[in-house]
$ cat final-v6.txt   # compact mmCIF, C-alpha atoms
# COMPACT_ATOMS: atom_id res chain seq x y z
CA MET A 1 54.03 41.14 -5.49
CA SER A 2 56.92 42.18 -7.72
CA ASP A 3 59.53 44.47 -6.16
CA GLY A 4 60.22 46.17 -9.49
CA SER A 5 63.76 44.87 -9.94
CA ASN A 6 62.79 42.89 -13.01
CA MET A 7 61.01 45.79 -14.63
CA THR A 8 61.99 46.25 -18.25
CA ASP A 9 62.87 49.56 -19.83
CA PRO A 10 59.91 51.64 -20.86
CA ILE A 11 58.48 50.80 -24.27
CA LEU A 12 58.05 53.86 -26.41
CA PRO A 13 55.87 54.18 -29.48
CA ALA A 14 57.74 53.64 -32.75
CA ASP A 15 56.70 56.95 -34.30
CA VAL A 16 58.02 59.24 -31.58
CA PRO A 17 60.27 62.00 -32.98
CA ALA A 18 63.87 60.87 -33.17
CA ASP A 19 65.14 63.16 -30.44
CA GLU A 20 67.16 60.55 -28.58
CA GLY A 21 68.21 62.85 -25.74
CA ALA A 22 64.60 63.77 -25.01
CA LEU A 23 63.57 60.14 -25.30
CA ALA A 24 66.21 59.03 -22.84
CA GLN A 25 65.19 61.73 -20.38
CA GLY A 26 61.51 60.76 -20.75
CA GLY A 27 62.37 57.12 -20.11
CA ARG A 28 64.34 57.97 -17.01
CA ASP A 29 61.49 60.09 -15.67
CA ALA A 30 59.01 57.30 -16.30
CA MET A 31 61.26 54.76 -14.57
CA ALA A 32 61.63 57.04 -11.58
CA THR A 33 57.86 57.47 -11.38
CA LEU A 34 57.34 53.72 -11.55
CA GLN A 35 59.87 53.12 -8.80
CA ARG A 36 58.22 55.70 -6.58
CA ALA A 37 54.84 54.01 -7.17
CA GLN A 38 56.29 50.61 -6.31
CA GLN A 39 57.76 51.99 -3.12
CA LEU A 40 54.36 53.42 -2.16
CA VAL A 41 52.72 50.02 -2.77
CA ARG A 42 55.34 48.29 -0.58
CA ASP A 43 54.80 50.85 2.19
CA ALA A 44 51.03 50.41 2.03
CA GLN A 45 51.37 46.62 2.17
CA ALA A 46 53.59 46.87 5.22
CA ALA A 47 51.07 49.20 6.88
CA ILE A 48 48.21 46.74 6.23
CA GLU A 49 50.22 43.87 7.72
CA GLU A 50 51.06 45.94 10.79
CA ALA A 51 47.42 46.96 11.21
CA SER A 52 46.26 43.33 10.96
CA ARG A 53 48.83 42.32 13.61
CA VAL A 54 47.69 45.09 15.98
CA VAL A 55 44.02 44.13 15.54
CA GLY A 56 44.86 40.52 16.27
CA LEU A 57 46.77 41.46 19.43
CA GLY A 58 43.99 43.81 20.57
CA ASN A 59 41.47 40.95 20.47
CA GLY A 60 43.76 38.54 22.23
CA ALA A 61 43.64 36.24 19.21
CA GLY A 62 45.38 35.65 15.94
CA PRO A 63 45.15 38.24 13.16
CA SER A 64 42.44 36.29 11.30
CA ASP A 65 40.25 35.94 14.44
CA GLY A 66 40.50 39.69 15.07
CA VAL A 67 39.33 40.61 11.61
CA GLU A 68 36.47 38.13 11.88
CA ALA A 69 35.38 39.58 15.20
CA ARG A 70 35.41 43.06 13.76
CA LEU A 71 33.36 41.86 10.81
CA VAL A 72 30.76 40.36 13.15
CA ALA A 73 30.66 43.58 15.17
CA ALA A 74 30.27 45.63 11.99
CA GLU A 75 27.46 43.36 10.81
CA ASN A 76 25.67 43.72 14.17
CA GLU A 77 26.07 47.47 14.02
CA ARG A 78 24.68 47.51 10.49
CA ALA A 79 21.65 45.48 11.59
CA GLU A 80 21.07 47.82 14.54
CA LEU A 81 21.35 50.89 12.32
CA THR A 82 18.92 49.37 9.82
CA GLY A 83 16.41 48.82 12.63
CA ARG A 84 16.89 52.36 13.90
CA LEU A 85 16.47 53.74 10.40
CA ALA A 86 13.17 51.86 10.03
CA ASP A 87 12.02 53.30 13.39
CA VAL A 88 12.98 56.80 12.32
CA GLU A 89 11.15 56.36 8.99
CA HIS A 90 8.07 55.24 10.90
CA GLN A 91 8.27 58.23 13.25
CA VAL A 92 8.67 60.58 10.28
CA GLY A 93 5.52 59.06 8.76
CA ARG A 94 3.62 59.56 12.03
CA LEU A 95 4.74 63.16 12.31
CA MET A 96 3.75 63.81 8.70
CA THR A 97 0.28 62.45 9.41
CA LEU A 98 -0.09 64.67 12.48
CA TYR A 99 1.24 67.68 10.58
CA VAL A 100 -1.16 67.21 7.68
CA ALA A 101 -4.15 66.73 10.01
CA THR A 102 -3.30 69.93 11.90
CA TYR A 103 -2.57 71.86 8.70
CA GLN A 104 -5.84 70.86 7.09
CA LEU A 105 -7.93 71.63 10.19
CA HIS A 106 -6.62 75.18 10.24
CA ALA A 107 -6.59 75.68 6.46
CA THR A 108 -10.11 77.10 6.40
CA LEU A 109 -12.46 79.32 8.38
CA ASP A 110 -15.58 77.80 6.84
CA PRO A 111 -17.44 75.80 9.54
CA VAL A 112 -18.70 73.22 7.01
CA GLU A 113 -15.20 72.63 5.65
CA VAL A 114 -13.84 72.21 9.17
CA GLN A 115 -16.49 69.55 9.83
CA THR A 116 -15.62 67.84 6.54
CA THR A 117 -11.95 67.78 7.52
CA ILE A 118 -12.81 66.22 10.90
CA ALA A 119 -14.78 63.54 9.07
CA GLU A 120 -11.93 62.94 6.61
CA ILE A 121 -9.45 62.53 9.47
CA ALA A 122 -11.77 60.09 11.24
CA LEU A 123 -12.32 58.01 8.10
CA ASN A 124 -9.01 58.17 6.25
CA LEU A 125 -6.44 58.55 9.02
CA ILE A 126 -8.08 56.74 11.93
CA GLY A 127 -10.13 54.21 9.95
CA ALA A 128 -13.49 54.96 11.57
CA GLU A 129 -16.42 53.55 9.62
CA GLN A 130 -19.31 54.72 11.80
CA PHE A 131 -19.15 57.93 13.80
CA VAL A 132 -21.04 61.11 14.71
CA LEU A 133 -19.86 64.63 15.41
CA LEU A 134 -21.56 66.52 18.22
CA LEU A 135 -21.20 70.30 18.31
CA ILE A 136 -22.50 72.66 20.96
CA ASP A 137 -25.37 74.96 20.06
CA ASP A 138 -24.42 78.43 21.29
CA GLU A 139 -28.07 79.36 21.83
CA ASP A 140 -29.09 76.71 24.35
CA GLN A 141 -25.78 74.95 25.11
CA SER A 142 -27.15 71.58 23.98
CA TYR A 143 -25.22 69.28 21.63
CA GLU A 144 -26.40 68.95 18.01
CA ILE A 145 -25.45 65.95 15.89
CA ARG A 146 -23.86 67.87 13.00
CA LEU A 147 -22.37 64.97 11.09
CA ARG A 148 -23.28 61.31 10.82
CA GLN A 149 -21.14 58.83 8.89
CA GLY A 150 -21.73 55.16 8.14
CA GLU A 151 -25.26 54.87 9.61
CA PRO A 152 -24.51 54.09 13.26
CA THR A 153 -27.20 51.87 14.80
CA THR A 154 -27.07 53.31 18.33
CA PRO A 155 -30.56 54.83 18.94
CA TRP A 156 -29.41 58.22 20.25
CA ALA A 157 -27.20 58.67 17.16
CA GLN A 158 -30.34 58.80 14.97
CA ALA A 159 -31.68 61.93 16.68
CA GLU A 160 -30.90 65.54 15.78
CA ARG A 161 -29.61 66.38 19.24
CA TYR A 162 -27.79 64.46 21.92
CA ALA A 163 -30.03 64.33 24.98
CA GLY A 164 -27.56 62.56 27.27
CA GLY A 165 -27.65 59.01 28.59
CA ASP A 166 -24.56 57.45 27.02
CA PHE A 167 -22.15 56.86 29.89
CA LEU A 168 -18.91 57.44 27.95
CA VAL A 169 -20.19 60.45 26.01
CA ASP A 170 -21.56 62.08 29.16
CA ALA A 171 -18.28 61.52 31.00
CA ALA A 172 -16.16 62.88 28.12
CA LEU A 173 -18.36 65.96 27.70
CA ALA A 174 -18.28 66.58 31.46
CA ASP A 175 -14.55 66.43 32.09
CA GLY A 176 -13.02 66.77 28.61
CA GLY A 177 -11.14 63.47 28.86
CA LEU A 178 -10.68 61.00 26.01
CA ARG A 179 -12.69 57.79 26.60
CA PHE A 180 -12.40 54.31 25.07
CA GLY A 181 -15.11 51.65 24.99
CA PRO A 182 -17.24 49.81 24.49
CA THR A 183 -18.56 49.34 28.03
CA ALA A 184 -21.75 47.88 29.47
CA GLN A 185 -23.29 51.38 29.38
CA SER A 186 -21.99 52.55 25.99
CA SER A 187 -21.45 51.10 22.55
CA ALA A 188 -18.94 53.81 21.58
CA LEU A 189 -15.41 52.66 20.77
CA ALA A 190 -14.00 56.09 21.45
CA VAL A 191 -15.27 59.49 22.50
CA VAL A 192 -13.00 62.40 21.63
CA PRO A 193 -14.08 65.60 23.35
CA LEU A 194 -13.30 68.76 21.39
CA ARG A 195 -12.05 71.17 24.02
CA VAL A 196 -10.79 74.73 23.76
CA GLN A 197 -10.18 77.24 26.59
CA ASP A 198 -11.67 74.80 29.12
CA VAL A 199 -14.93 74.62 27.17
CA THR A 200 -16.05 71.40 25.49
CA VAL A 201 -17.44 72.56 22.15
CA GLY A 202 -18.29 69.08 20.91
CA ALA A 203 -17.21 65.46 20.60
CA LEU A 204 -16.39 62.92 17.97
CA VAL A 205 -18.01 59.60 18.87
CA ILE A 206 -16.67 56.55 17.02
CA PHE A 207 -18.86 53.43 16.97
CA LYS A 208 -17.14 51.16 14.48
CA LEU A 209 -13.80 50.82 12.71
CA LEU A 210 -13.30 49.69 9.11
CA ALA A 211 -13.44 45.92 8.68
CA HIS A 212 -9.72 45.66 7.91
CA LYS A 213 -8.80 47.63 11.05
CA PRO A 214 -9.42 45.36 14.05
CA ALA A 215 -8.54 47.87 16.80
CA PHE A 216 -7.01 51.25 17.54
CA VAL A 217 -3.21 51.31 17.35
CA LYS A 218 -0.72 53.41 19.31
CA GLU A 219 -0.54 56.07 16.58
CA ASP A 220 -4.31 56.58 16.76
CA HIS A 221 -4.04 57.85 20.32
CA ASP A 222 -1.76 60.71 19.19
CA LEU A 223 -4.14 61.51 16.37
CA LEU A 224 -7.21 61.44 18.63
CA ASP A 225 -5.43 63.71 21.14
CA LEU A 226 -4.52 66.12 18.36
CA LEU A 227 -8.04 66.02 17.00
CA GLY A 228 -9.46 66.87 20.44
CA ALA A 229 -7.39 70.05 20.69
CA HIS A 230 -7.03 71.24 17.10
CA ALA A 231 -10.50 70.36 15.84
CA ALA A 232 -11.93 72.27 18.80
CA SER A 233 -9.95 75.43 18.07
CA ALA A 234 -10.69 75.13 14.33
CA VAL A 235 -14.44 74.77 15.04
CA PHE A 236 -14.30 77.67 17.50
CA ALA A 237 -12.37 79.96 15.11
CA SER A 238 -14.61 79.17 12.15
CA ARG A 239 -17.75 79.88 14.18
CA VAL A 240 -16.41 83.19 15.47
CA TYR A 241 -15.32 84.16 11.96
CA SER A 242 -18.64 83.26 10.40
CA LYS A 243 -20.55 85.24 13.09
CA THR A 244 -18.28 88.24 12.63
CA ALA A 245 -18.59 88.06 8.85
CA ARG A 246 -22.38 87.92 9.16
CA LYS A 247 -22.42 90.94 11.49
CA LEU A 248 -20.13 92.81 9.14
CA ARG A 249 -22.42 92.14 6.18
CA THR A 250 -25.41 93.37 8.21
CA LEU A 251 -23.59 96.56 9.21
CA GLU A 252 -22.49 97.20 5.63
CA SER A 253 -26.06 96.80 4.40
CA LEU A 254 -27.24 99.20 7.11
CA ILE A 255 -24.61 101.78 6.17
CA ARG A 256 -25.58 101.53 2.49
CA LEU A 257 -29.22 102.01 3.44
CA VAL A 258 -28.40 105.08 5.59
CA ASN A 259 -26.25 106.56 2.83
CA LYS A 260 -29.05 106.12 0.30
CA GLY A 261 -31.56 107.76 2.65
CA MET B 1 13.54 55.92 1.74
CA ASN B 2 12.95 58.05 -1.32
CA ALA B 3 9.83 58.77 -3.28
CA VAL B 4 9.75 58.92 -7.05
CA LYS B 5 12.07 61.70 -8.13
CA ASN B 6 11.71 63.68 -11.34
CA ARG B 7 8.55 61.78 -12.15
CA LYS B 8 4.95 62.83 -12.46
CA VAL B 9 2.18 61.22 -10.44
CA LEU B 10 -1.53 61.77 -11.01
CA VAL B 11 -3.54 61.66 -7.77
CA VAL B 12 -7.27 61.03 -8.25
CA GLU B 13 -8.85 61.49 -4.83
CA ASP B 14 -11.79 63.51 -3.50
CA SER B 15 -10.29 64.28 -0.09
CA ARG B 16 -8.21 67.46 0.16
CA LEU B 17 -6.66 66.05 3.33
CA ILE B 18 -5.30 63.04 1.45
CA HIS B 19 -4.04 65.24 -1.40
CA LYS B 20 -2.06 67.18 1.19
CA MET B 21 -0.82 63.90 2.66
CA TYR B 22 0.56 62.76 -0.72
CA GLU B 23 2.12 66.17 -1.29
CA VAL B 24 4.03 65.87 1.99
CA MET B 25 4.86 62.16 1.77
CA LEU B 26 5.92 62.03 -1.89
CA ARG B 27 7.93 65.24 -1.95
CA PRO B 28 9.74 66.15 -4.31
CA THR B 29 7.62 64.23 -6.84
CA THR B 30 5.54 66.37 -9.21
CA LEU B 31 1.86 65.74 -8.47
CA VAL B 32 -1.10 66.40 -10.74
CA SER B 33 -4.30 66.63 -8.67
CA ALA B 34 -7.78 65.50 -9.68
CA TYR B 35 -10.82 65.35 -7.39
CA ASP B 36 -12.98 62.71 -9.10
CA GLY B 37 -12.72 60.20 -11.96
CA ARG B 38 -13.93 62.60 -14.64
CA ASP B 39 -11.50 65.27 -13.47
CA GLY B 40 -8.81 62.56 -13.54
CA LEU B 41 -9.50 61.80 -17.21
CA ASP B 42 -9.39 65.52 -18.04
CA LYS B 43 -6.05 65.87 -16.26
CA LEU B 44 -4.73 62.79 -18.08
CA SER B 45 -5.65 64.30 -21.43
CA GLN B 46 -3.74 67.46 -20.45
CA SER B 47 -0.77 65.53 -18.97
CA PRO B 48 -0.58 62.11 -20.67
CA ASP B 49 3.09 61.81 -19.60
CA VAL B 50 2.30 60.78 -16.02
CA ASP B 51 4.39 57.88 -14.72
CA LEU B 52 1.99 56.63 -12.07
CA ILE B 53 -1.62 57.06 -10.95
CA ILE B 54 -2.75 56.93 -7.31
CA LEU B 55 -6.48 56.31 -7.27
CA ASP B 56 -9.27 56.40 -4.70
CA ILE B 57 -12.42 54.30 -5.24
CA ASN B 58 -15.32 56.21 -3.67
CA MET B 59 -15.59 59.52 -5.47
CA PRO B 60 -18.42 61.66 -6.84
CA LYS B 61 -19.24 61.94 -10.58
CA MET B 62 -17.06 58.98 -11.63
CA THR B 63 -15.79 56.26 -9.28
CA GLY B 64 -12.24 55.00 -9.21
CA LEU B 65 -13.18 51.70 -10.87
CA GLU B 66 -14.96 53.50 -13.73
CA PHE B 67 -11.90 55.71 -14.17
CA LEU B 68 -9.65 52.64 -14.12
CA ALA B 69 -11.73 50.92 -16.82
CA GLN B 70 -11.45 54.00 -19.06
CA VAL B 71 -7.68 54.23 -18.57
CA LYS B 72 -7.09 50.52 -19.24
CA SER B 73 -9.22 50.59 -22.38
CA THR B 74 -7.20 53.49 -23.84
CA PRO B 75 -4.06 52.05 -25.49
CA ALA B 76 -2.02 55.22 -24.95
CA LEU B 77 -2.73 55.17 -21.20
CA ALA B 78 -3.09 51.47 -20.46
CA GLN B 79 0.59 51.02 -19.53
CA ILE B 80 0.53 53.61 -16.73
CA PRO B 81 0.65 51.70 -13.43
CA VAL B 82 -2.22 52.43 -11.04
CA ILE B 83 -2.14 52.08 -7.24
CA ILE B 84 -5.58 51.99 -5.64
CA VAL B 85 -5.61 53.53 -2.16
CA SER B 86 -9.01 53.10 -0.55
CA THR B 87 -10.97 52.57 2.65
CA GLU B 88 -12.73 49.72 0.81
CA GLY B 89 -10.59 46.96 2.23
CA LYS B 90 -12.50 43.69 1.87
CA GLU B 91 -10.80 40.87 -0.01
CA GLU B 92 -13.35 41.14 -2.82
CA ASP B 93 -12.66 44.89 -3.15
CA VAL B 94 -8.94 44.23 -3.49
CA ALA B 95 -9.53 41.41 -5.98
CA ARG B 96 -11.88 43.59 -8.05
CA GLY B 97 -9.33 46.41 -8.19
CA LEU B 98 -6.51 44.11 -9.27
CA GLN B 99 -8.70 42.31 -11.82
CA ASN B 100 -9.57 45.65 -13.35
CA GLY B 101 -5.91 46.36 -13.99
CA ALA B 102 -4.54 48.06 -10.87
CA ALA B 103 -0.86 47.25 -10.21
CA ALA B 104 -1.30 47.39 -6.43
CA TYR B 105 -3.90 48.00 -3.73
CA LEU B 106 -3.31 49.83 -0.43
CA ARG B 107 -5.90 50.06 2.32
CA LYS B 108 -6.54 53.30 4.20
CA PRO B 109 -5.41 54.25 6.75
CA PHE B 110 -1.93 53.57 5.38
CA GLN B 111 1.61 54.00 6.63
CA ARG B 112 4.01 56.21 4.69
CA GLU B 113 6.55 53.36 4.46
CA ASP B 114 3.99 51.12 2.74
CA LEU B 115 3.10 53.78 0.19
CA LEU B 116 6.76 54.52 -0.59
CA LYS B 117 7.58 50.82 -0.94
CA LEU B 118 4.82 50.42 -3.52
CA VAL B 119 5.71 53.59 -5.38
CA ASN B 120 9.40 52.70 -5.49
CA ARG B 121 8.64 49.12 -6.54
CA LEU B 122 6.55 50.31 -9.47
CA GLU B 123 9.13 52.95 -10.33
CA SER B 124 11.88 50.31 -10.53
CA LYS B 125 9.79 48.32 -13.03
CA GLN B 126 9.59 51.27 -15.40
CA PRO B 127 12.29 52.54 -17.75
CA ALA B 128 13.96 55.74 -16.53
CA ALA B 129 12.42 58.95 -17.84
$ encode --input "final-v6.txt" --output "structure tokens"
Amino acid sequence: MSDGSNMTDPILPADVPADEGALAQGGRDAMATLQRAQQLVRDAQAAIEEASRVVGLGNGAGPSDGVEARLVAAENERAELTGRLADVEHQVGRLMTLYVATYQLHATLDPVEVQTTIAEIALNLIGAEQFVLLLIDDEDQSYEIRLRQGEPTTPWAQAERYAGGDFLVDAALADGGLRFGPTAQSSALAVVPLRVQDVTVGALVIFKLLAHKPAFVKEDHDLLDLLGAHAASAVFASRVYSKTARKLRTLESLIRLVNKG
Amino acid sequence: MNAVKNRKVLVVEDSRLIHKMYEVMLRPTTLVSAYDGRDGLDKLSQSPDVDLIILDINMPKMTGLEFLAQVKSTPALAQIPVIIVSTEGKEEDVARGLQNGAAAYLRKPFQREDLLKLVNRLESKQPAA
């Protein structure tokens, strides 16, 4: 790098006003600025050389080895950060799925819409091809089959009510625990009890997954857990609301009748 | 990983749950929502400036494949890339979708990363708005 000693005088445009004093002063200022810049470059170069020497000493090797080692370390760190970023992206996706499922379950107080949402979660987010939804009948505490998707071939799934007899379904309805199959006594792949306030209000029974989904994955367990709790409270709330709304309509009709009389 | 920014995406899908999913996953993209193929064509006639279409297959009134055929046979719309996102995941389903003009096919259930990769890939092939 040039040290500036061979720098020529500044070249000025030919049509500058012929004020020689001002020109000379401008040239001196420019030269001084250039010299300051050159000094800064020399200082920076010296600092880089010193830094390289220190790095080399710190690694117990020559300056070049030290820089190389730092490059390797930086590359490893970059690879690790890339992996962590991918993990975080995946987690964000999982949380979004759980958020949307919860949001949609509680977005309505219409019992039919709640059932539709449960079916959409089972099909679109879990990948269930054949499943039934059992919901408790408040009158006699038996379980009705309220929703049937994909024509499951299991005999009891063809009936209007679940009369018992499937080992996994019976166990899940009895203790409210999530069950996975199939077993010798049950063809269900999963039984998700819908439980709220220690009462099992129903169950989602999955018999078959979509052809391109060979098995449940880790994320499905979170979703099935969430479904068990949130679908239950959504079903419960929608039923209470619809009963209350019906009673309210009856009372209003009665009041109108009394007022007319 | 970013979704399409400052672009307009038409979502043709009968599930409100999945509409919500796209809204959350593709934020801050502007979404135009349609709930079946016929509704999708109506929305396209109102907003022909969409940059991308995300399409379901099984829908009432007009299926995704019928909608796709209409879009691809309309010169003004034929260049809009279409991603099919469906539970129909057999090889022949995928092949049929691609043969009918879809730019990509994603099976449900899908991961957010996979959707964003596809959307960003198709975005990079298009001139900036």
$ interface_residues --input "final-v6.txt" --of "chain A" --to "chain B" --cutoff "6 Å" --atoms "only C-alpha atoms" --output "PyMOL selection string"
chain A and resi 93+124-125+127+212
$ closest_residue --input "final-v6.txt" --among "A:Ser253, A:Ser187, A:Thr117, A:Asn76" --to "Asp14 in chain B" --atoms "all atoms listed in the file"
A:Thr117
$ atom_distance --input "final-v6.txt" --atom1 "CA of Val132 in chain A" --atom2 "CA of Thr116 in chain A"
11.9 Å
$ atom_distance --input "final-v6.txt" --atom1 "CA of Ala172 in chain A" --atom2 "CA of Ala229 in chain A"
13.5 Å
$ decode --input "final-v6.txt" --residues "range 11-73 of chain B" --atoms "C-alpha atoms" --output "mmCIF file, in the first residue's frame"
data_model
loop_
_atom_site.group_PDB
_atom_site.id
_atom_site.type_symbol
_atom_site.label_atom_id
_atom_site.label_comp_id
_atom_site.auth_asym_id
_atom_site.auth_seq_id
_atom_site.Cartn_x
_atom_site.Cartn_y
_atom_site.Cartn_z
ATOM 1 C CA VAL B 11 -57.857 -19.827 -0.843
ATOM 2 C CA VAL B 12 -60.538 -22.172 -2.198
ATOM 3 C CA GLU B 13 -61.356 -24.560 0.633
ATOM 4 C CA ASP B 14 -64.585 -25.701 2.311
ATOM 5 C CA SER B 15 -63.144 -26.075 5.818
ATOM 6 C CA ARG B 16 -63.284 -22.984 8.037
ATOM 7 C CA LEU B 17 -60.608 -24.576 10.212
ATOM 8 C CA ILE B 18 -58.174 -24.701 7.292
ATOM 9 C CA HIS B 19 -59.027 -21.128 6.265
ATOM 10 C CA LYS B 20 -58.056 -20.063 9.781
ATOM 11 C CA MET B 21 -54.883 -22.142 9.505
ATOM 12 C CA TYR B 22 -53.812 -20.326 6.318
ATOM 13 C CA GLU B 23 -54.670 -16.978 7.877
ATOM 14 C CA VAL B 24 -52.318 -17.709 10.788
ATOM 15 C CA MET B 25 -49.565 -19.442 8.808
ATOM 16 C CA LEU B 26 -49.387 -17.035 5.855
ATOM 17 C CA ARG B 27 -49.671 -13.803 7.822
ATOM 18 C CA PRO B 28 -49.238 -10.963 6.629
ATOM 19 C CA THR B 29 -50.315 -12.125 3.155
ATOM 20 C CA THR B 30 -53.676 -10.801 1.938
ATOM 21 C CA LEU B 31 -56.076 -13.734 1.617
ATOM 22 C CA VAL B 32 -59.259 -13.909 -0.440
ATOM 23 C CA SER B 33 -61.501 -16.697 0.882
ATOM 24 C CA ALA B 34 -63.803 -18.939 -1.138
ATOM 25 C CA TYR B 35 -65.660 -21.991 0.183
ATOM 26 C CA ASP B 36 -66.191 -24.044 -2.993
ATOM 27 C CA GLY B 37 -65.120 -24.008 -6.642
ATOM 28 C CA ARG B 38 -68.004 -21.847 -7.832
ATOM 29 C CA ASP B 39 -67.385 -19.342 -5.052
ATOM 30 C CA GLY B 40 -63.708 -19.415 -6.079
ATOM 31 C CA LEU B 41 -64.555 -18.433 -9.663
ATOM 32 C CA ASP B 42 -66.782 -15.604 -8.393
ATOM 33 C CA LYS B 43 -63.983 -14.336 -6.157
ATOM 34 C CA LEU B 44 -61.530 -14.562 -9.068
ATOM 35 C CA SER B 45 -63.804 -12.445 -11.239
ATOM 36 C CA GLN B 46 -63.920 -9.837 -8.444
ATOM 37 C CA SER B 47 -60.160 -10.059 -7.718
ATOM 38 C CA PRO B 48 -58.376 -11.216 -10.892
ATOM 39 C CA ASP B 49 -55.087 -9.793 -9.541
ATOM 40 C CA VAL B 50 -54.393 -12.733 -7.215
ATOM 41 C CA ASP B 51 -50.804 -13.993 -7.292
ATOM 42 C CA LEU B 52 -51.440 -17.538 -6.132
ATOM 43 C CA ILE B 53 -54.320 -19.966 -5.585
ATOM 44 C CA ILE B 54 -54.402 -22.565 -2.800
ATOM 45 C CA LEU B 55 -56.984 -25.168 -3.710
ATOM 46 C CA ASP B 56 -58.730 -28.064 -1.988
ATOM 47 C CA ILE B 57 -60.117 -30.963 -4.067
ATOM 48 C CA ASN B 58 -63.190 -32.271 -2.242
ATOM 49 C CA MET B 59 -65.681 -29.430 -2.059
ATOM 50 C CA PRO B 60 -69.435 -29.057 -2.564
ATOM 51 C CA LYS B 61 -70.999 -27.455 -5.678
ATOM 52 C CA MET B 62 -67.781 -27.494 -7.734
ATOM 53 C CA THR B 63 -64.729 -29.653 -6.975
ATOM 54 C CA GLY B 64 -61.180 -28.391 -6.990
ATOM 55 C CA LEU B 65 -60.351 -30.168 -10.250
ATOM 56 C CA GLU B 66 -63.383 -28.624 -12.000
ATOM 57 C CA PHE B 67 -62.323 -25.212 -10.707
ATOM 58 C CA LEU B 68 -58.759 -25.837 -11.889
ATOM 59 C CA ALA B 69 -59.963 -26.766 -15.396
ATOM 60 C CA GLN B 70 -61.966 -23.526 -15.609
ATOM 61 C CA VAL B 71 -59.020 -21.422 -14.447
ATOM 62 C CA LYS B 72 -56.548 -23.052 -16.843
ATOM 63 C CA SER B 73 -58.908 -22.658 -19.790
#
